[in-house]
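Q: Structure supplied as my_file34.txt; contents: compact mmCIF, C-alpha atoms.
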```txt
# COMPACT_ATOMS: atom_id res chain seq x y z
CA MET U 1 -8.91 3.27 -24.60
CA ALA U 2 -10.94 6.10 -23.26
CA ALA U 3 -14.15 5.26 -21.39
CA GLU U 4 -16.24 7.20 -23.88
CA ASP U 5 -15.06 4.89 -26.70
CA ILE U 6 -16.06 1.60 -25.05
CA ASP U 7 -19.39 1.16 -26.86
CA ARG U 8 -17.72 1.66 -30.24
CA ILE U 9 -14.99 -0.86 -29.34
CA LYS U 10 -17.54 -3.43 -28.11
CA ILE U 11 -19.42 -3.22 -31.42
CA PHE U 12 -16.16 -3.80 -33.30
CA VAL U 13 -15.14 -6.71 -31.06
CA ALA U 14 -18.57 -8.36 -31.39
CA GLY U 15 -17.83 -8.93 -35.08
CA GLU U 16 -14.46 -10.58 -34.38
CA PRO U 17 -15.03 -13.96 -32.64
CA LYS U 18 -11.32 -14.71 -32.02
CA LEU U 19 -10.79 -11.29 -30.53
CA LYS U 20 -13.99 -11.46 -28.48
CA GLU U 21 -13.03 -14.73 -26.76
CA ASN U 22 -9.64 -13.35 -25.71
CA LEU U 23 -10.66 -9.89 -24.57
CA GLU U 24 -11.82 -8.63 -21.21
CA PHE U 25 -13.08 -5.12 -20.54
CA ILE U 26 -11.86 -3.78 -17.20
CA PRO U 27 -13.34 -0.38 -16.32
CA ASP U 28 -11.48 2.45 -14.63
CA VAL U 29 -7.85 1.43 -14.85
CA GLY U 30 -4.82 3.67 -14.64
CA THR U 31 -1.12 3.39 -15.23
CA LEU U 32 1.73 4.03 -12.85
CA SER U 33 5.14 4.55 -14.47
CA ILE U 34 8.45 4.70 -12.68
CA PHE U 35 11.82 5.47 -14.21
CA PRO U 36 14.36 3.54 -12.11
CA HIS U 37 17.67 4.99 -13.27
CA HIS U 38 20.63 2.68 -12.62
CA SER U 39 18.38 0.01 -11.11
CA ASN U 40 18.37 -3.74 -11.46
CA LEU U 41 15.71 -6.44 -11.53
CA LYS U 42 15.26 -6.29 -7.75
CA LEU U 43 12.92 -3.31 -8.17
CA LEU U 44 10.74 -5.23 -10.61
CA GLY U 45 10.50 -8.20 -8.25
CA LEU U 46 9.85 -5.92 -5.28
CA SER U 47 7.09 -4.15 -7.21
CA PHE U 48 5.36 -7.44 -8.01
CA TYR U 49 5.75 -8.51 -4.39
CA LEU U 50 4.25 -5.26 -3.08
CA PHE U 51 1.30 -5.36 -5.47
CA GLY U 52 0.60 -8.92 -4.34
CA THR U 53 1.00 -8.49 -0.59
CA GLN U 54 -1.04 -5.27 -0.61
CA HIS U 55 -3.80 -6.91 -2.70
CA LEU U 56 -3.50 -4.36 -5.48
CA PRO U 57 -4.84 -5.71 -8.77
CA LEU U 58 -2.20 -5.87 -11.49
CA TYR U 59 -3.83 -6.13 -14.91
CA GLY U 60 -0.71 -5.61 -16.94
CA MET U 61 2.85 -4.47 -16.89
CA ALA U 62 5.12 -2.96 -19.51
CA SER U 63 8.79 -2.14 -19.50
CA SER U 64 11.23 -0.30 -21.65
CA ILE U 65 14.89 0.47 -21.36
CA SER U 66 14.07 3.32 -18.95
CA SER U 67 10.67 2.67 -17.35
CA LEU U 68 8.39 0.22 -15.61
CA THR U 69 4.64 0.74 -16.06
CA PHE U 70 1.98 -1.01 -14.02
CA ILE U 71 -1.74 -1.13 -14.87
CA THR U 72 -4.07 -1.26 -11.87
CA ASP U 73 -7.42 0.07 -10.70
CA TYR U 74 -7.57 3.84 -11.09
CA SER U 75 -8.99 4.14 -7.59
CA GLN U 76 -5.90 2.35 -6.23
CA LEU U 77 -3.23 4.49 -7.91
CA ASP U 78 -2.60 6.65 -4.83
CA LYS U 79 -2.24 3.55 -2.66
CA ALA U 80 0.21 2.02 -5.15
CA VAL U 81 2.28 5.20 -5.19
CA SER U 82 2.42 5.43 -1.41
CA ILE U 83 3.49 1.79 -1.10
CA LEU U 84 6.23 2.11 -3.72
CA LEU U 85 7.46 5.40 -2.26
CA LYS U 86 8.56 3.56 0.88
CA TYR U 87 11.22 1.87 -1.25
CA LEU U 88 12.12 4.60 -3.76
CA ASP U 89 14.19 7.75 -3.44
CA LEU U 90 12.79 10.50 -5.63
CA PRO U 91 14.72 13.57 -6.71
CA PRO U 92 13.28 16.92 -5.62
CA ASN U 93 12.28 17.72 -9.21
CA HIS U 94 10.38 14.46 -9.90
CA ALA U 95 7.42 14.48 -12.25
CA PRO U 96 3.98 15.03 -10.71
CA PHE U 97 2.12 11.93 -9.54
CA ARG U 98 -0.98 12.99 -11.45
CA PRO U 99 -0.89 14.61 -14.88
CA GLU U 100 -1.25 18.35 -14.80
CA ILE U 101 -2.62 18.45 -18.34
CA HIS U 102 -5.34 16.17 -19.71
CA VAL U 103 -5.36 15.78 -23.48
CA ILE U 104 -8.28 14.27 -25.37
CA GLN U 105 -8.49 13.64 -29.09
CA LYS U 106 -11.53 15.07 -30.82
CA LYS U 107 -13.41 12.90 -33.32
CA LYS U 108 -13.42 14.17 -36.89
```
In structure tokens, write the structure found in this file.
A:
Amino acid sequence: MAAEDIDRIKIFVAGEPKLKENLEFIPDVGTLSIFPHHSNLKLLGLSFYLFGTQHLPLYGMASSISSLTFITDYSQLDKAVSILLKYLDLPPNHAPFRPEIHVIQKKK
């Protein structure tokens, strides 16, 4: 969720006791997605190992058939990228590390 929506979400959660007891708000997180074409599970294990040994917080992880996405502190994204880059070969035309366009949804 966007930071500007947190107060609205907290009000909603306050009325849902089951949700409230299982929810933690962590400010300023970001996602790091990699697309390991033709890779195996070694990269996933290595990524977990690197996050742990470098003391990078890992709040969540998601995977799909083509990507691995890690959720960590926004302020640590550059560190996470530089650590992973030591073990990854990127093509010359790889996607930018930071989005070039920021899209926000306007409230109606």
Q: I'd like the neighbourhood of stretch 41-47 of chain U as a compact mmCIF listing (two decimals) with C-alpha atoms, in the frame of the given file, where a residue qualifies if any of its atoms comes within 9 Å (using all atoms listed in the file), though same-chain residues fewer than 6 positions away should be ignored.
A:
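Saved the output as selection_6.txt:
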```txt
# COMPACT_ATOMS: atom_id res chain seq x y z
CA LEU U 68 8.39 0.22 -15.61
CA LEU U 84 6.23 2.11 -3.72
CA TYR U 87 11.22 1.87 -1.25
```
Q: Using atom CA of U:Asn93 and atom CA of U:Phe35 as the two end points, give the distance in Å to one decimal.
A: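 Interatomic distance here is 13.2 Å.
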Q: Work out how far apart atom CA of U:Ile104 and atom CA of U:Phe70 are and give it in Å to one decimal.
A: 21.6 Å
Q: My list of candidates is U:Ile65, U:Ile71, U:Ala80, U:Leu23. Which is closest to U:Ile9 when distances are computed with only C-alpha atoms?
A: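 Between U:Ile65, U:Ile71, U:Ala80, U:Leu23, the residue approaching U:Ile9 most closely is U:Leu23.
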Q: State, in Å with one decimal place, the distance from atom CA of U:Leu32 to atom CA of U:Thr69.
A: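 Taking atom CA of U:Leu32 as the start and atom CA of U:Thr69 as the end point, the length is 5.4 Å.
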Q: Nearest to U:Glu4 among U:Pro36, U:Ile83, U:Pro27, U:Leu56, with distances taken over all atoms listed in the file: which residue is it?
A: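 Using all atoms listed in the file, U:Glu4 sits closest to U:Pro27.
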Q: With only C-alpha atoms as the basis for distance, which of U:Asn40, U:Ile34, U:Ile6, U:Ile26 is at the shortest distance from U:Asp89?
A: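 Between U:Asn40, U:Ile34, U:Ile6, U:Ile26, the residue approaching U:Asp89 most closely is U:Ile34.
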